[in-house]
file query.tsv (TSV, C-alpha atoms)
chain	number	residue	atom	x	y	z
A	1051	MET	CA	0.00	0.00	0.00
A	1052	PRO	CA	1.37	3.44	-0.88
A	1053	LYS	CA	2.77	5.64	1.84
A	1054	ALA	CA	1.64	9.23	1.79
A	1055	MET	CA	3.85	12.27	1.79
A	1056	PRO	CA	2.36	15.15	3.78
A	1057	THR	CA	1.26	18.26	1.95
A	1058	ASN	CA	1.26	21.78	3.25
A	1059	GLU	CA	-2.39	21.16	4.16
A	1060	ASN	CA	-2.00	17.84	6.00
A	1061	ARG	CA	-5.55	17.92	7.29
A	1062	LEU	CA	-8.12	15.20	7.75
A	1063	CYS	CA	-10.61	14.34	5.06
A	1064	PRO	CA	-13.96	15.95	5.88
A	1065	ASN	CA	-16.39	13.43	7.34
A	1066	ILE	CA	-19.02	13.87	4.64
A	1067	SER	CA	-21.13	11.59	2.47
A	1068	ILE	CA	-22.10	11.97	-1.16
A	1069	GLY	CA	-24.42	10.22	-3.55
A	1070	SER	CA	-28.04	9.26	-3.67
A	1071	GLY	CA	-29.97	6.14	-2.79
A	1072	ASN	CA	-27.83	3.00	-2.84
A	1073	GLU	CA	-24.90	4.94	-4.27
A	1074	ARG	CA	-24.21	6.93	-1.09
A	1075	ILE	CA	-20.54	6.90	-0.02
A	1076	SER	CA	-18.89	8.23	3.12
A	1077	LEU	CA	-15.57	9.71	1.97
A	1078	TYR	CA	-14.08	9.30	5.43
A	1079	GLU	CA	-14.91	5.58	5.43
A	1080	ALA	CA	-13.95	5.14	1.76
A	1081	CYS	CA	-10.27	5.69	2.54
A	1082	GLU	CA	-10.04	3.66	5.77
A	1083	SER	CA	-8.60	0.58	4.07
A	1084	THR	CA	-7.48	1.93	0.68
A	1085	PRO	CA	-5.95	5.28	-0.25
A	1086	LEU	CA	-8.45	7.37	-2.16
A	1087	ILE	CA	-7.95	9.60	-5.19
A	1088	LEU	CA	-10.71	12.16	-5.19
A	1089	ILE	CA	-11.23	13.98	-8.48
A	1090	PHE	CA	-13.34	17.15	-8.52
A	1091	TYR	CA	-14.54	18.21	-11.93
A	1092	PRO	CA	-16.85	20.90	-13.29
A	1093	GLY	CA	-20.07	20.06	-15.14
A	1094	ASP	CA	-20.44	16.91	-17.18
A	1095	PHE	CA	-19.24	17.32	-20.78
A	1096	SER	CA	-17.27	20.47	-19.97
A	1097	PRO	CA	-13.84	20.48	-21.70
A	1098	GLN	CA	-12.13	20.35	-18.28
A	1099	ALA	CA	-14.20	17.37	-17.15
A	1100	ILE	CA	-13.54	15.50	-20.39
A	1101	THR	CA	-9.77	16.10	-20.21
A	1102	LEU	CA	-9.46	15.25	-16.53
A	1103	LEU	CA	-11.65	12.15	-16.39
A	1104	LYS	CA	-10.44	10.69	-19.68
A	1105	ARG	CA	-6.88	10.95	-18.35
A	1106	PHE	CA	-7.76	9.18	-15.10
A	1107	ALA	CA	-9.79	6.55	-17.00
A	1108	SER	CA	-6.83	5.82	-19.30
A	1109	GLU	CA	-4.51	5.44	-16.28
A	1110	TYR	CA	-7.04	3.66	-14.07
A	1111	GLU	CA	-5.21	0.31	-14.09
A	1112	LYS	CA	-1.95	1.96	-12.91
A	1113	TYR	CA	-3.76	3.52	-9.95
A	1114	LYS	CA	-5.60	0.28	-9.19
A	1115	GLN	CA	-2.34	-1.71	-9.30
A	1116	ALA	CA	-0.76	0.84	-6.93
A	1117	GLY	CA	-3.59	0.24	-4.45
A	1118	PHE	CA	-5.74	3.34	-4.95
A	1119	ARG	CA	-9.50	3.73	-5.17
A	1120	LEU	CA	-10.80	6.52	-7.44
A	1121	ILE	CA	-13.94	8.58	-7.01
A	1122	ALA	CA	-14.90	11.58	-9.14
A	1123	ILE	CA	-17.24	14.31	-7.92
A	1124	GLY	CA	-18.91	16.79	-10.22
A	1125	ASN	CA	-22.06	18.72	-10.79
A	1126	GLY	CA	-24.67	18.48	-13.50
A	1127	SER	CA	-27.82	16.42	-13.71
A	1128	GLU	CA	-28.19	12.70	-13.10
A	1129	SER	CA	-29.00	12.14	-16.78
A	1130	THR	CA	-25.94	14.03	-18.08
A	1131	ARG	CA	-23.70	12.21	-15.60
A	1132	THR	CA	-24.96	8.82	-16.79
A	1133	ALA	CA	-24.47	9.80	-20.45
A	1134	PHE	CA	-20.99	11.21	-19.69
A	1135	ILE	CA	-19.85	8.03	-17.91
A	1136	LYS	CA	-21.15	5.86	-20.75
A	1137	LYS	CA	-19.70	7.99	-23.58
A	1138	TYR	CA	-16.19	8.18	-22.08
A	1139	THR	CA	-16.20	4.71	-20.45
A	1140	ILE	CA	-15.28	5.96	-16.98
A	1141	PRO	CA	-14.40	2.86	-14.88
A	1142	PHE	CA	-14.77	4.46	-11.44
A	1143	PRO	CA	-17.71	6.11	-9.65
A	1144	CYS	CA	-18.64	9.63	-10.71
A	1145	LEU	CA	-20.87	11.10	-8.05
A	1146	HIS	CA	-23.22	14.04	-8.32
A	1147	ASP	CA	-22.71	17.03	-5.99
A	1148	SER	CA	-25.65	19.18	-7.08
A	1149	ARG	CA	-25.48	21.49	-4.06
A	1150	LYS	CA	-21.68	21.47	-4.14
A	1151	THR	CA	-21.63	20.56	-0.45
A	1152	VAL	CA	-18.65	18.22	-0.80
A	1153	ALA	CA	-16.79	20.59	-3.13
A	1154	LYS	CA	-17.26	23.42	-0.64
A	1155	SER	CA	-15.99	21.26	2.24
A	1156	PHE	CA	-12.79	20.67	0.22
A	1157	HIS	CA	-12.57	24.39	-0.73
A	1158	VAL	CA	-12.61	23.75	-4.49
A	1159	THR	CA	-15.39	26.11	-5.53
A	1160	THR	CA	-15.30	29.60	-6.93
A	1161	LYS	CA	-17.98	32.24	-7.39
A	1162	VAL	CA	-18.62	33.67	-10.85
A	1163	GLY	CA	-21.38	36.24	-10.59
A	1164	ASN	CA	-24.15	34.53	-8.68
A	1165	LYS	CA	-23.03	30.99	-9.67
A	1166	THR	CA	-20.83	28.67	-7.64
A	1167	LEU	CA	-18.59	26.52	-9.83
A	1168	ILE	CA	-16.43	23.50	-9.03
A	1169	GLU	CA	-12.78	23.98	-10.03
A	1170	PRO	CA	-10.84	20.90	-11.20
A	1171	HIS	CA	-8.81	19.54	-8.29
A	1172	VAL	CA	-7.28	16.21	-7.36
A	1173	PHE	CA	-6.77	15.01	-3.78
A	1174	VAL	CA	-5.16	11.89	-2.43
A	1175	ILE	CA	-6.36	10.80	0.99
A	1176	ASP	CA	-4.34	8.16	2.83
A	1177	THR	CA	-5.67	5.39	5.07
A	1178	ALA	CA	-5.27	7.61	8.14
A	1179	GLN	CA	-7.85	9.90	6.45
A	1180	LYS	CA	-5.23	12.62	5.92
A	1181	ILE	CA	-5.00	14.62	2.73
A	1182	CYS	CA	-1.51	13.85	1.46
A	1183	PHE	CA	-1.77	15.42	-2.00
A	1184	LYS	CA	-3.77	18.32	-3.41
A	1185	LYS	CA	-3.42	19.91	-6.81
A	1186	ARG	CA	-5.60	22.24	-8.80
A	1187	GLY	CA	-5.87	21.24	-12.43
A	1188	PHE	CA	-4.57	18.17	-14.15
A	1189	PRO	CA	-1.77	16.30	-12.34
A	1190	LYS	CA	0.02	13.51	-14.15
A	1191	CYS	CA	-0.13	9.92	-12.92
A	1192	ALA	CA	3.63	9.82	-12.27
A	1193	GLU	CA	3.38	12.92	-10.08
A	1194	ILE	CA	0.69	11.35	-7.89
A	1195	LEU	CA	2.35	7.95	-7.65
A	1196	LYS	CA	5.79	9.45	-6.90
A	1197	LEU	CA	4.49	11.63	-4.04
A	1198	CYS	CA	2.26	8.98	-2.52
A	1199	ARG	CA	4.49	5.92	-2.28
call {"tool": "encode", "arguments": {"input": "query.tsv", "output": "structure tokens"}}
result
Amino acid sequence: MPKAMPTNENRLCPNISIGSGNERISLYEACESTPLILIFYPGDFSPQAITLLKRFASEYEKYKQAGFRLIAIGNGSESTRTAFIKKYTIPFPCLHDSRKTVAKSFHVTTKVGNKTLIEPHVFVIDTAQKICFKKRGFPKCAEILKLCR
């Protein structure tokens, strides 16, 4: 299992749940036995979401082999999320954060006029529930694996 390098944040993962119905996941519990890569992305089918999630989907096996679990969190509607996952063959859960509650708890939102938007960010949370990696934008697989071994 990868060892985590502390970041300048080095704080605990917020104890928050996301999802609906049977798909509800506690992020705090999700990383108790397996390090978690948490991918925040803006609306489904946005250029940023496509770039970010296609990259993680193409490298999914590398992360899986290294012992990570991946979860993506974005906003949009349930129907666009389902279509997005199908079109780009995303092999990990993409959860809907319509109120941006989880995104706000991770401080990855920005205000544009009267709208709150999710900014692309990637977090790695170790099995002690500590955030050991945080990067805005599009980190490369090697960067994440190097810092979190």
call {"tool": "closest_residue", "arguments": {"input": "query.tsv", "among": "A:Phe1106, A:Phe1188, A:Phe1095, A:Phe1156", "to": "A:Ala1133", "atoms": "all atoms listed in the file"}}
result
A:Phe1095
call {"tool": "closest_residue", "arguments": {"input": "query.tsv", "among": "A:Thr1139, A:Thr1177, A:Ser1148, A:Thr1166", "to": "A:Cys1063", "atoms": "all atoms listed in the file"}}
result
A:Thr1177
call {"tool": "closest_residue", "arguments": {"input": "query.tsv", "among": "A:Ala1116, A:Ile1175, A:Leu1167, A:Ile1100", "to": "A:Leu1077", "atoms": "only C-alpha atoms"}}
result
A:Ile1175
call {"tool": "atom_distance", "arguments": {"input": "query.tsv", "atom1": "atom CA of A:Leu1195", "atom2": "atom CA of A:Val1174"}}
result
10.0 Å
call {"tool": "closest_residue", "arguments": {"input": "query.tsv", "among": "A:Ala1080, A:Thr1159, A:Ile1087, A:Ile1140", "to": "A:Leu1103", "atoms": "all atoms listed in the file"}}
result
A:Ile1140
call {"tool": "atom_distance", "arguments": {"input": "query.tsv", "atom1": "atom CA of A:Glu1111", "atom2": "atom CA of A:Ala1153"}}
result
25.8 Å
call {"tool": "atom_distance", "arguments": {"input": "query.tsv", "atom1": "atom CA of A:Glu1169", "atom2": "atom CA of A:Gly1093"}}
result
9.7 Å
call {"tool": "closest_residue", "arguments": {"input": "query.tsv", "among": "A:Tyr1113, A:Cys1144, A:Thr1160, A:Ser1076", "to": "A:Glu1193", "atoms": "all atoms listed in the file"}}
result
A:Tyr1113
call {"tool": "closest_residue", "arguments": {"input": "query.tsv", "among": "A:His1157, A:Lys1190, A:Lys1114, A:Arg1119", "to": "A:Pro1143", "atoms": "only C-alpha atoms"}}
result
A:Arg1119
call {"tool": "residues_near_point", "arguments": {"input": "query.tsv", "point": "(-16.5, 8.7, -24.8)", "cutoff": "12 Å", "atoms": "all atoms listed in the file", "output": "PDB file with C-alpha atoms, in the coordinates of the input"}}
result
ATOM      1  CA  ASP A1094     -20.440  16.910 -17.180  1.00  0.00           C
ATOM      2  CA  PHE A1095     -19.240  17.320 -20.780  1.00  0.00           C
ATOM      3  CA  ALA A1099     -14.200  17.370 -17.150  1.00  0.00           C
ATOM      4  CA  ILE A1100     -13.540  15.500 -20.390  1.00  0.00           C
ATOM      5  CA  THR A1101      -9.770  16.100 -20.210  1.00  0.00           C
ATOM      6  CA  LEU A1103     -11.650  12.150 -16.390  1.00  0.00           C
ATOM      7  CA  LYS A1104     -10.440  10.690 -19.680  1.00  0.00           C
ATOM      8  CA  ARG A1105      -6.880  10.950 -18.350  1.00  0.00           C
ATOM      9  CA  ALA A1107      -9.790   6.550 -17.000  1.00  0.00           C
ATOM     10  CA  SER A1108      -6.830   5.820 -19.300  1.00  0.00           C
ATOM     11  CA  THR A1132     -24.960   8.820 -16.790  1.00  0.00           C
ATOM     12  CA  ALA A1133     -24.470   9.800 -20.450  1.00  0.00           C
ATOM     13  CA  PHE A1134     -20.990  11.210 -19.690  1.00  0.00           C
ATOM     14  CA  ILE A1135     -19.850   8.030 -17.910  1.00  0.00           C
ATOM     15  CA  LYS A1136     -21.150   5.860 -20.750  1.00  0.00           C
ATOM     16  CA  LYS A1137     -19.700   7.990 -23.580  1.00  0.00           C
ATOM     17  CA  TYR A1138     -16.190   8.180 -22.080  1.00  0.00           C
ATOM     18  CA  THR A1139     -16.200   4.710 -20.450  1.00  0.00           C
ATOM     19  CA  ILE A1140     -15.280   5.960 -16.980  1.00  0.00           C
ATOM     20  CA  PRO A1141     -14.400   2.860 -14.880  1.00  0.00           C
TER      21      PRO A1141
END
call {"tool": "build_atoms", "arguments": {"input": "query.tsv", "residues": "stretch 1144-1161 of chain A", "atoms": "N, CA, C and O atoms", "output": "short mmCIF file (atom, residue, chain, number, x, y, z; two decimals), in the frame of the given file"}}
result
data_model
loop_
_atom_site.label_atom_id
_atom_site.label_comp_id
_atom_site.auth_asym_id
_atom_site.auth_seq_id
_atom_site.Cartn_x
_atom_site.Cartn_y
_atom_site.Cartn_z
N CYS A 1144 -18.54 8.19 -10.53
CA CYS A 1144 -18.64 9.63 -10.71
C CYS A 1144 -19.91 10.05 -9.98
O CYS A 1144 -21.00 9.70 -10.39
N LEU A 1145 -19.74 10.76 -8.90
CA LEU A 1145 -20.87 11.10 -8.05
C LEU A 1145 -21.30 12.54 -8.26
O LEU A 1145 -20.50 13.41 -8.59
N HIS A 1146 -22.55 12.76 -8.05
CA HIS A 1146 -23.22 14.04 -8.32
C HIS A 1146 -23.27 14.88 -7.05
O HIS A 1146 -23.78 14.44 -6.03
N ASP A 1147 -22.73 16.09 -7.12
CA ASP A 1147 -22.71 17.03 -5.99
C ASP A 1147 -23.49 18.27 -6.39
O ASP A 1147 -22.94 19.36 -6.56
N SER A 1148 -24.81 18.11 -6.54
CA SER A 1148 -25.65 19.18 -7.08
C SER A 1148 -25.61 20.45 -6.24
O SER A 1148 -25.63 21.55 -6.77
N ARG A 1149 -25.53 20.30 -4.93
CA ARG A 1149 -25.48 21.49 -4.06
C ARG A 1149 -24.04 21.94 -3.78
O ARG A 1149 -23.82 22.90 -3.05
N LYS A 1150 -23.12 21.19 -4.31
CA LYS A 1150 -21.68 21.47 -4.14
C LYS A 1150 -21.24 21.45 -2.68
O LYS A 1150 -20.26 22.09 -2.30
N THR A 1151 -21.94 20.68 -1.88
CA THR A 1151 -21.63 20.56 -0.45
C THR A 1151 -20.25 19.96 -0.23
O THR A 1151 -19.46 20.46 0.57
N VAL A 1152 -19.95 18.88 -0.95
CA VAL A 1152 -18.65 18.22 -0.80
C VAL A 1152 -17.55 19.12 -1.37
O VAL A 1152 -16.51 19.30 -0.73
N ALA A 1153 -17.79 19.69 -2.53
CA ALA A 1153 -16.79 20.59 -3.13
C ALA A 1153 -16.47 21.76 -2.21
O ALA A 1153 -15.31 22.13 -2.05
N LYS A 1154 -17.49 22.31 -1.57
CA LYS A 1154 -17.26 23.42 -0.64
C LYS A 1154 -16.47 22.96 0.58
O LYS A 1154 -15.61 23.69 1.07
N SER A 1155 -16.72 21.75 1.06
CA SER A 1155 -15.99 21.26 2.24
C SER A 1155 -14.52 21.03 1.93
O SER A 1155 -13.69 21.05 2.83
N PHE A 1156 -14.19 20.82 0.64
CA PHE A 1156 -12.79 20.67 0.22
C PHE A 1156 -12.21 21.98 -0.31
O PHE A 1156 -11.08 22.02 -0.77
N HIS A 1157 -13.01 23.05 -0.29
CA HIS A 1157 -12.57 24.39 -0.73
C HIS A 1157 -12.12 24.40 -2.19
O HIS A 1157 -11.08 24.96 -2.53
N VAL A 1158 -12.94 23.80 -3.06
CA VAL A 1158 -12.61 23.75 -4.49
C VAL A 1158 -13.69 24.42 -5.34
O VAL A 1158 -13.86 24.07 -6.51
N THR A 1159 -14.38 25.38 -4.77
CA THR A 1159 -15.39 26.11 -5.53
C THR A 1159 -14.95 27.56 -5.70
O THR A 1159 -14.10 28.06 -4.97
N THR A 1160 -15.53 28.19 -6.69
CA THR A 1160 -15.30 29.60 -6.93
C THR A 1160 -16.62 30.24 -7.32
O THR A 1160 -17.49 29.57 -7.88
N LYS A 1161 -16.77 31.51 -7.03
CA LYS A 1161 -17.98 32.24 -7.39
C LYS A 1161 -17.72 33.02 -8.68
O LYS A 1161 -16.72 33.71 -8.80
#
